[in-house]
Amino acid sequence: MKALGDDYEDKAAALVENGGLILLERNFRGKTGEIDIIARDGQQLVFVEVRARTNRHFDSAAGSVDARKQQRIIRTAQLFLQRRPQWADSPCRFDVITFDPPQSGSHPRISWIRGAFSA
């Protein structure tokens, strides 16, 4: 059975590709954490965190990417660049794609926050 988080990551990957980016890797894992999507936007590498919330009573999906989570993503991006030296000199960007509960209806609100934070 496929996890709900996987479904959101699939939707985010489709959004990234439909946005003209080239998908390089999904679910890159290292000792520092995981990056959901790594893509290329021209010469720029884009590290994408996918966050979803199903209950409006908790913090927003974007709000859940706090300073601690950002540092984990940055460290994992550094590890990616060490393991993939062909990308080491590329400029990098950190995006967040969020899925928040709808105000009404049944479809989540999707937001793509480009340059959500910097290293």
# chains A, B, ... in the order shown; residues from 1 in each chain; ligands from 1
$ residues_around --residues "region 12-20 of chain A" --least-positions-apart "3" --cutoff "12 Å" --atoms "only C-alpha atoms" --output "PyMOL selection string"
chain A and resi 5-9+23-27+36-42+46-52+95-99+110-114
$ select_by_dssp --residues "chain A" --states "strand (DSSP E)" --output "PyMOL selection string"
chain A and resi 22-30+33-41+44-52+92-100+109-117
$ write_last_selection --atoms "N, CA and C atoms" --output "short mmCIF file (atom, residue, chain, number, x, y, z; two decimals), in the first residue's frame"
data_model
loop_
_atom_site.label_atom_id
_atom_site.label_comp_id
_atom_site.auth_asym_id
_atom_site.auth_seq_id
_atom_site.Cartn_x
_atom_site.Cartn_y
_atom_site.Cartn_z
N ILE A 22 13.94 19.90 -14.64
CA ILE A 22 14.35 18.53 -14.97
C ILE A 22 14.58 17.79 -13.66
N LEU A 23 13.82 16.75 -13.45
CA LEU A 23 13.93 15.96 -12.24
C LEU A 23 15.22 15.14 -12.29
N LEU A 24 16.06 15.30 -11.28
CA LEU A 24 17.33 14.57 -11.20
C LEU A 24 17.25 13.38 -10.26
N GLU A 25 16.61 13.57 -9.13
CA GLU A 25 16.59 12.51 -8.12
C GLU A 25 15.45 12.74 -7.15
N ARG A 26 14.94 11.64 -6.61
CA ARG A 26 13.91 11.71 -5.58
C ARG A 26 14.38 10.94 -4.35
N ASN A 27 14.00 11.43 -3.20
CA ASN A 27 14.29 10.78 -1.92
C ASN A 27 15.77 10.49 -1.73
N PHE A 28 16.59 11.52 -1.93
CA PHE A 28 18.02 11.38 -1.65
C PHE A 28 18.20 11.29 -0.14
N ARG A 29 18.87 10.24 0.30
CA ARG A 29 19.05 10.02 1.74
C ARG A 29 20.53 10.00 2.10
N GLY A 30 20.80 10.55 3.26
CA GLY A 30 22.14 10.52 3.82
C GLY A 30 22.02 10.54 5.33
N GLY A 33 19.84 13.38 6.71
CA GLY A 33 18.42 13.50 6.44
C GLY A 33 18.07 13.09 5.03
N GLU A 34 16.95 13.60 4.55
CA GLU A 34 16.45 13.26 3.22
C GLU A 34 15.98 14.52 2.51
N ILE A 35 16.19 14.52 1.20
CA ILE A 35 15.64 15.58 0.35
C ILE A 35 14.64 14.90 -0.58
N ASP A 36 13.43 15.42 -0.60
CA ASP A 36 12.35 14.77 -1.35
C ASP A 36 12.58 14.79 -2.85
N ILE A 37 12.94 15.96 -3.38
CA ILE A 37 13.11 16.11 -4.83
C ILE A 37 14.34 16.97 -5.09
N ILE A 38 15.14 16.54 -6.05
CA ILE A 38 16.26 17.36 -6.53
C ILE A 38 16.07 17.51 -8.03
N ALA A 39 16.07 18.75 -8.48
CA ALA A 39 15.79 19.04 -9.88
C ALA A 39 16.77 20.10 -10.39
N ARG A 40 16.72 20.31 -11.69
CA ARG A 40 17.54 21.35 -12.30
C ARG A 40 16.63 22.36 -12.98
N ASP A 41 16.89 23.63 -12.71
CA ASP A 41 16.16 24.74 -13.33
C ASP A 41 17.21 25.54 -14.08
N GLN A 44 20.72 25.97 -12.40
CA GLN A 44 20.53 25.99 -10.95
C GLN A 44 19.98 24.65 -10.45
N LEU A 45 20.57 24.16 -9.36
CA LEU A 45 20.03 22.98 -8.69
C LEU A 45 18.94 23.43 -7.73
N VAL A 46 17.87 22.67 -7.69
CA VAL A 46 16.75 23.00 -6.82
C VAL A 46 16.49 21.82 -5.90
N PHE A 47 16.59 22.08 -4.60
CA PHE A 47 16.31 21.08 -3.58
C PHE A 47 14.91 21.38 -3.05
N VAL A 48 14.01 20.40 -3.18
CA VAL A 48 12.60 20.63 -2.86
C VAL A 48 12.17 19.79 -1.67
N GLU A 49 11.61 20.47 -0.68
CA GLU A 49 10.99 19.80 0.47
C GLU A 49 9.48 19.79 0.23
N VAL A 50 8.87 18.64 0.38
CA VAL A 50 7.42 18.50 0.21
C VAL A 50 6.80 18.33 1.59
N ARG A 51 5.82 19.17 1.90
CA ARG A 51 5.16 19.13 3.21
C ARG A 51 3.65 19.13 3.00
N ALA A 52 2.97 18.35 3.82
CA ALA A 52 1.51 18.28 3.73
C ALA A 52 0.90 18.31 5.11
N CYS A 92 22.53 26.96 -6.16
CA CYS A 92 21.48 26.15 -5.54
C CYS A 92 20.33 27.01 -5.03
N ARG A 93 19.16 26.39 -5.02
CA ARG A 93 17.97 27.05 -4.51
C ARG A 93 17.20 26.02 -3.67
N PHE A 94 16.54 26.51 -2.63
CA PHE A 94 15.74 25.65 -1.77
C PHE A 94 14.28 26.05 -1.86
N ASP A 95 13.47 25.14 -2.39
CA ASP A 95 12.04 25.37 -2.55
C ASP A 95 11.26 24.48 -1.59
N VAL A 96 10.03 24.89 -1.33
CA VAL A 96 9.11 24.09 -0.53
C VAL A 96 7.79 24.02 -1.29
N ILE A 97 7.28 22.82 -1.46
CA ILE A 97 5.96 22.63 -2.06
C ILE A 97 5.05 22.12 -0.95
N THR A 98 3.95 22.84 -0.74
CA THR A 98 3.06 22.51 0.37
C THR A 98 1.67 22.10 -0.11
N PHE A 99 1.07 21.24 0.68
CA PHE A 99 -0.30 20.80 0.49
C PHE A 99 -1.02 21.06 1.81
N ASP A 100 -1.91 22.04 1.81
CA ASP A 100 -2.65 22.39 3.02
C ASP A 100 -4.12 22.01 2.85
N ARG A 109 -4.94 22.81 -0.90
CA ARG A 109 -4.34 23.99 -1.52
C ARG A 109 -2.86 23.69 -1.71
N ILE A 110 -2.38 23.90 -2.93
CA ILE A 110 -0.99 23.61 -3.25
C ILE A 110 -0.25 24.93 -3.44
N SER A 111 0.90 25.04 -2.80
CA SER A 111 1.75 26.23 -2.95
C SER A 111 3.16 25.77 -3.26
N TRP A 112 3.79 26.46 -4.20
CA TRP A 112 5.19 26.21 -4.53
C TRP A 112 5.95 27.47 -4.15
N ILE A 113 6.71 27.37 -3.09
CA ILE A 113 7.46 28.52 -2.59
C ILE A 113 8.89 28.41 -3.10
N ARG A 114 9.18 29.18 -4.14
CA ARG A 114 10.52 29.15 -4.73
C ARG A 114 11.45 30.02 -3.86
N GLY A 115 12.65 29.51 -3.62
CA GLY A 115 13.59 30.26 -2.79
C GLY A 115 13.06 30.44 -1.39
N ALA A 116 12.47 29.42 -0.83
CA ALA A 116 11.82 29.49 0.49
C ALA A 116 12.81 29.86 1.60
N PHE A 117 14.04 29.42 1.45
CA PHE A 117 15.09 29.77 2.40
C PHE A 117 16.43 29.65 1.70
#
$ select_by_dssp --residues "chain A" --states "alpha helix (DSSP H)" --output "PyMOL selection string"
chain A and resi 4-18+67-83
$ write_last_selection --atoms "N, CA and C atoms" --output "short mmCIF file (atom, residue, chain, number, x, y, z; two decimals), in the first residue's frame"
data_model
loop_
_atom_site.label_atom_id
_atom_site.label_comp_id
_atom_site.auth_asym_id
_atom_site.auth_seq_id
_atom_site.Cartn_x
_atom_site.Cartn_y
_atom_site.Cartn_z
N LEU A 4 0.43 7.97 2.09
CA LEU A 4 -0.14 9.25 1.68
C LEU A 4 0.98 10.24 1.33
N GLY A 5 2.08 10.22 2.09
CA GLY A 5 3.21 11.10 1.81
C GLY A 5 3.80 10.86 0.44
N ASP A 6 3.83 9.59 0.02
CA ASP A 6 4.34 9.26 -1.31
C ASP A 6 3.46 9.87 -2.39
N ASP A 7 2.15 9.88 -2.15
CA ASP A 7 1.22 10.46 -3.11
C ASP A 7 1.48 11.96 -3.27
N TYR A 8 1.71 12.66 -2.15
CA TYR A 8 2.01 14.08 -2.22
C TYR A 8 3.34 14.31 -2.93
N GLU A 9 4.32 13.47 -2.68
CA GLU A 9 5.62 13.62 -3.37
C GLU A 9 5.47 13.38 -4.86
N ASP A 10 4.62 12.41 -5.26
CA ASP A 10 4.37 12.19 -6.68
C ASP A 10 3.73 13.42 -7.32
N LYS A 11 2.77 14.01 -6.62
CA LYS A 11 2.10 15.21 -7.14
C LYS A 11 3.09 16.38 -7.24
N ALA A 12 3.96 16.50 -6.25
CA ALA A 12 4.96 17.57 -6.26
C ALA A 12 5.96 17.35 -7.40
N ALA A 13 6.38 16.11 -7.62
CA ALA A 13 7.32 15.82 -8.71
C ALA A 13 6.68 16.17 -10.06
N ALA A 14 5.41 15.85 -10.22
CA ALA A 14 4.71 16.20 -11.46
C ALA A 14 4.63 17.72 -11.62
N LEU A 15 4.37 18.43 -10.54
CA LEU A 15 4.32 19.89 -10.57
C LEU A 15 5.67 20.47 -11.00
N VAL A 16 6.75 19.92 -10.44
CA VAL A 16 8.10 20.38 -10.77
C VAL A 16 8.38 20.17 -12.26
N GLU A 17 8.07 18.98 -12.76
CA GLU A 17 8.31 18.69 -14.17
C GLU A 17 7.42 19.53 -15.08
N ASN A 18 6.16 19.72 -14.70
CA ASN A 18 5.26 20.56 -15.50
C ASN A 18 5.69 22.02 -15.46
N ALA A 67 13.53 26.41 11.26
CA ALA A 67 14.98 26.61 11.11
C ALA A 67 15.75 25.30 11.27
N ARG A 68 15.31 24.47 12.19
CA ARG A 68 15.99 23.18 12.39
C ARG A 68 15.86 22.29 11.15
N LYS A 69 14.66 22.23 10.58
CA LYS A 69 14.43 21.44 9.37
C LYS A 69 15.23 22.01 8.20
N GLN A 70 15.28 23.32 8.09
CA GLN A 70 16.05 23.96 7.03
C GLN A 70 17.52 23.57 7.12
N GLN A 71 18.08 23.58 8.33
CA GLN A 71 19.49 23.21 8.51
C GLN A 71 19.74 21.75 8.11
N ARG A 72 18.81 20.87 8.42
CA ARG A 72 18.95 19.46 8.00
C ARG A 72 18.95 19.35 6.48
N ILE A 73 18.07 20.10 5.84
CA ILE A 73 17.99 20.06 4.38
C ILE A 73 19.29 20.61 3.77
N ILE A 74 19.79 21.70 4.32
CA ILE A 74 21.04 22.29 3.82
C ILE A 74 22.20 21.32 3.98
N ARG A 75 22.31 20.68 5.14
CA ARG A 75 23.39 19.69 5.35
C ARG A 75 23.25 18.52 4.39
N THR A 76 22.04 18.09 4.13
CA THR A 76 21.83 16.98 3.21
C THR A 76 22.14 17.41 1.77
N ALA A 77 21.83 18.65 1.43
CA ALA A 77 22.19 19.17 0.11
C ALA A 77 23.71 19.21 -0.05
N GLN A 78 24.41 19.60 0.99
CA GLN A 78 25.88 19.60 0.95
C GLN A 78 26.41 18.19 0.73
N LEU A 79 25.81 17.21 1.39
CA LEU A 79 26.20 15.83 1.21
C LEU A 79 25.94 15.38 -0.23
N PHE A 80 24.80 15.77 -0.79
CA PHE A 80 24.50 15.47 -2.19
C PHE A 80 25.59 16.02 -3.10
N LEU A 81 25.98 17.27 -2.87
CA LEU A 81 27.01 17.90 -3.71
C LEU A 81 28.36 17.21 -3.56
N GLN A 82 28.66 16.70 -2.38
CA GLN A 82 29.90 15.95 -2.19
C GLN A 82 29.86 14.62 -2.94
N ARG A 83 28.71 13.98 -2.95
CA ARG A 83 28.57 12.69 -3.62
C ARG A 83 28.39 12.82 -5.13
#
$ atom_distance --atom1 "CA of Ser90 (chain A)" --atom2 "CA of Gln43 (chain A)"
6.5 Å
$ decode --residues "region 30-115 of chain A" --atoms "C-alpha atoms" --output "PDB file, in the first residue's frame"
ATOM      1  CA  GLY A  30      22.139  10.522   3.824  1.00  0.00           C
ATOM      2  CA  LYS A  31      23.115  10.466   7.459  1.00  0.00           C
ATOM      3  CA  THR A  32      21.928  14.082   7.763  1.00  0.00           C
ATOM      4  CA  GLY A  33      18.423  13.496   6.441  1.00  0.00           C
ATOM      5  CA  GLU A  34      16.448  13.257   3.223  1.00  0.00           C
ATOM      6  CA  ILE A  35      15.638  15.579   0.350  1.00  0.00           C
ATOM      7  CA  ASP A  36      12.352  14.774  -1.346  1.00  0.00           C
ATOM      8  CA  ILE A  37      13.114  16.105  -4.832  1.00  0.00           C
ATOM      9  CA  ILE A  38      16.261  17.357  -6.528  1.00  0.00           C
ATOM     10  CA  ALA A  39      15.794  19.040  -9.884  1.00  0.00           C
ATOM     11  CA  ARG A  40      17.544  21.352 -12.297  1.00  0.00           C
ATOM     12  CA  ASP A  41      16.164  24.737 -13.334  1.00  0.00           C
ATOM     13  CA  GLY A  42      18.523  25.837 -16.081  1.00  0.00           C
ATOM     14  CA  GLN A  43      21.966  25.720 -14.476  1.00  0.00           C
ATOM     15  CA  GLN A  44      20.532  25.991 -10.951  1.00  0.00           C
ATOM     16  CA  LEU A  45      20.032  22.985  -8.686  1.00  0.00           C
ATOM     17  CA  VAL A  46      16.751  23.005  -6.821  1.00  0.00           C
ATOM     18  CA  PHE A  47      16.307  21.079  -3.582  1.00  0.00           C
ATOM     19  CA  VAL A  48      12.600  20.634  -2.863  1.00  0.00           C
ATOM     20  CA  GLU A  49      10.993  19.803   0.466  1.00  0.00           C
ATOM     21  CA  VAL A  50       7.425  18.498   0.207  1.00  0.00           C
ATOM     22  CA  ARG A  51       5.158  19.126   3.210  1.00  0.00           C
ATOM     23  CA  ALA A  52       1.511  18.281   3.726  1.00  0.00           C
ATOM     24  CA  ARG A  53      -1.053  18.914   6.419  1.00  0.00           C
ATOM     25  CA  THR A  54      -4.443  17.241   6.625  1.00  0.00           C
ATOM     26  CA  ASN A  55      -5.719  19.094   9.680  1.00  0.00           C
ATOM     27  CA  ARG A  56      -6.090  22.898   9.765  1.00  0.00           C
ATOM     28  CA  HIS A  57      -5.750  22.926  13.562  1.00  0.00           C
ATOM     29  CA  PHE A  58      -2.004  22.416  13.332  1.00  0.00           C
ATOM     30  CA  ASP A  59       0.669  24.732  11.901  1.00  0.00           C
ATOM     31  CA  SER A  60       0.609  25.248   8.142  1.00  0.00           C
ATOM     32  CA  ALA A  61       2.649  22.916   5.962  1.00  0.00           C
ATOM     33  CA  ALA A  62       5.050  25.779   5.130  1.00  0.00           C
ATOM     34  CA  GLY A  63       5.344  26.703   8.800  1.00  0.00           C
ATOM     35  CA  SER A  64       6.514  23.179   9.581  1.00  0.00           C
ATOM     36  CA  VAL A  65       9.761  23.829   7.696  1.00  0.00           C
ATOM     37  CA  ASP A  66      11.350  25.534  10.673  1.00  0.00           C
ATOM     38  CA  ALA A  67      14.983  26.611  11.115  1.00  0.00           C
ATOM     39  CA  ARG A  68      15.987  23.179  12.391  1.00  0.00           C
ATOM     40  CA  LYS A  69      14.432  21.436   9.368  1.00  0.00           C
ATOM     41  CA  GLN A  70      16.054  23.957   7.032  1.00  0.00           C
ATOM     42  CA  GLN A  71      19.490  23.208   8.505  1.00  0.00           C
ATOM     43  CA  ARG A  72      18.949  19.463   8.003  1.00  0.00           C
ATOM     44  CA  ILE A  73      17.992  20.059   4.377  1.00  0.00           C
ATOM     45  CA  ILE A  74      21.036  22.294   3.824  1.00  0.00           C
ATOM     46  CA  ARG A  75      23.386  19.695   5.350  1.00  0.00           C
ATOM     47  CA  THR A  76      21.828  16.981   3.205  1.00  0.00           C
ATOM     48  CA  ALA A  77      22.193  19.170   0.106  1.00  0.00           C
ATOM     49  CA  GLN A  78      25.881  19.597   0.952  1.00  0.00           C
ATOM     50  CA  LEU A  79      26.204  15.826   1.209  1.00  0.00           C
ATOM     51  CA  PHE A  80      24.499  15.468  -2.190  1.00  0.00           C
ATOM     52  CA  LEU A  81      27.009  17.901  -3.714  1.00  0.00           C
ATOM     53  CA  GLN A  82      29.903  15.947  -2.190  1.00  0.00           C
ATOM     54  CA  ARG A  83      28.572  12.687  -3.624  1.00  0.00           C
ATOM     55  CA  ARG A  84      27.740  14.228  -7.020  1.00  0.00           C
ATOM     56  CA  PRO A  85      30.808  16.373  -7.820  1.00  0.00           C
ATOM     57  CA  GLN A  86      29.485  17.164 -11.318  1.00  0.00           C
ATOM     58  CA  TRP A  87      26.979  19.508  -9.599  1.00  0.00           C
ATOM     59  CA  ALA A  88      29.385  20.980  -7.025  1.00  0.00           C
ATOM     60  CA  ASP A  89      29.767  24.345  -8.787  1.00  0.00           C
ATOM     61  CA  SER A  90      26.075  24.811  -9.551  1.00  0.00           C
ATOM     62  CA  PRO A  91      24.102  27.591  -7.894  1.00  0.00           C
ATOM     63  CA  CYS A  92      21.478  26.149  -5.541  1.00  0.00           C
ATOM     64  CA  ARG A  93      17.969  27.046  -4.505  1.00  0.00           C
ATOM     65  CA  PHE A  94      15.744  25.645  -1.767  1.00  0.00           C
ATOM     66  CA  ASP A  95      12.043  25.372  -2.551  1.00  0.00           C
ATOM     67  CA  VAL A  96       9.110  24.089  -0.533  1.00  0.00           C
ATOM     68  CA  ILE A  97       5.957  22.627  -2.060  1.00  0.00           C
ATOM     69  CA  THR A  98       3.058  22.507   0.371  1.00  0.00           C
ATOM     70  CA  PHE A  99      -0.303  20.798   0.487  1.00  0.00           C
ATOM     71  CA  ASP A 100      -2.654  22.392   3.016  1.00  0.00           C
ATOM     72  CA  PRO A 101      -6.216  21.366   3.894  1.00  0.00           C
ATOM     73  CA  PRO A 102      -8.846  23.114   1.786  1.00  0.00           C
ATOM     74  CA  GLN A 103     -11.011  25.842   3.254  1.00  0.00           C
ATOM     75  CA  SER A 104     -13.889  24.125   1.484  1.00  0.00           C
ATOM     76  CA  GLY A 105     -14.160  21.313  -1.014  1.00  0.00           C
ATOM     77  CA  SER A 106     -11.992  18.239  -1.118  1.00  0.00           C
ATOM     78  CA  HIS A 107      -8.764  19.269  -2.845  1.00  0.00           C
ATOM     79  CA  PRO A 108      -5.772  20.535  -0.870  1.00  0.00           C
ATOM     80  CA  ARG A 109      -4.339  23.988  -1.520  1.00  0.00           C
ATOM     81  CA  ILE A 110      -0.990  23.612  -3.253  1.00  0.00           C
ATOM     82  CA  SER A 111       1.747  26.226  -2.950  1.00  0.00           C
ATOM     83  CA  TRP A 112       5.189  26.207  -4.534  1.00  0.00           C
ATOM     84  CA  ILE A 113       7.462  28.524  -2.589  1.00  0.00           C
ATOM     85  CA  ARG A 114      10.523  29.148  -4.726  1.00  0.00           C
ATOM     86  CA  GLY A 115      13.591  30.262  -2.788  1.00  0.00           C
TER      87      GLY A 115
END
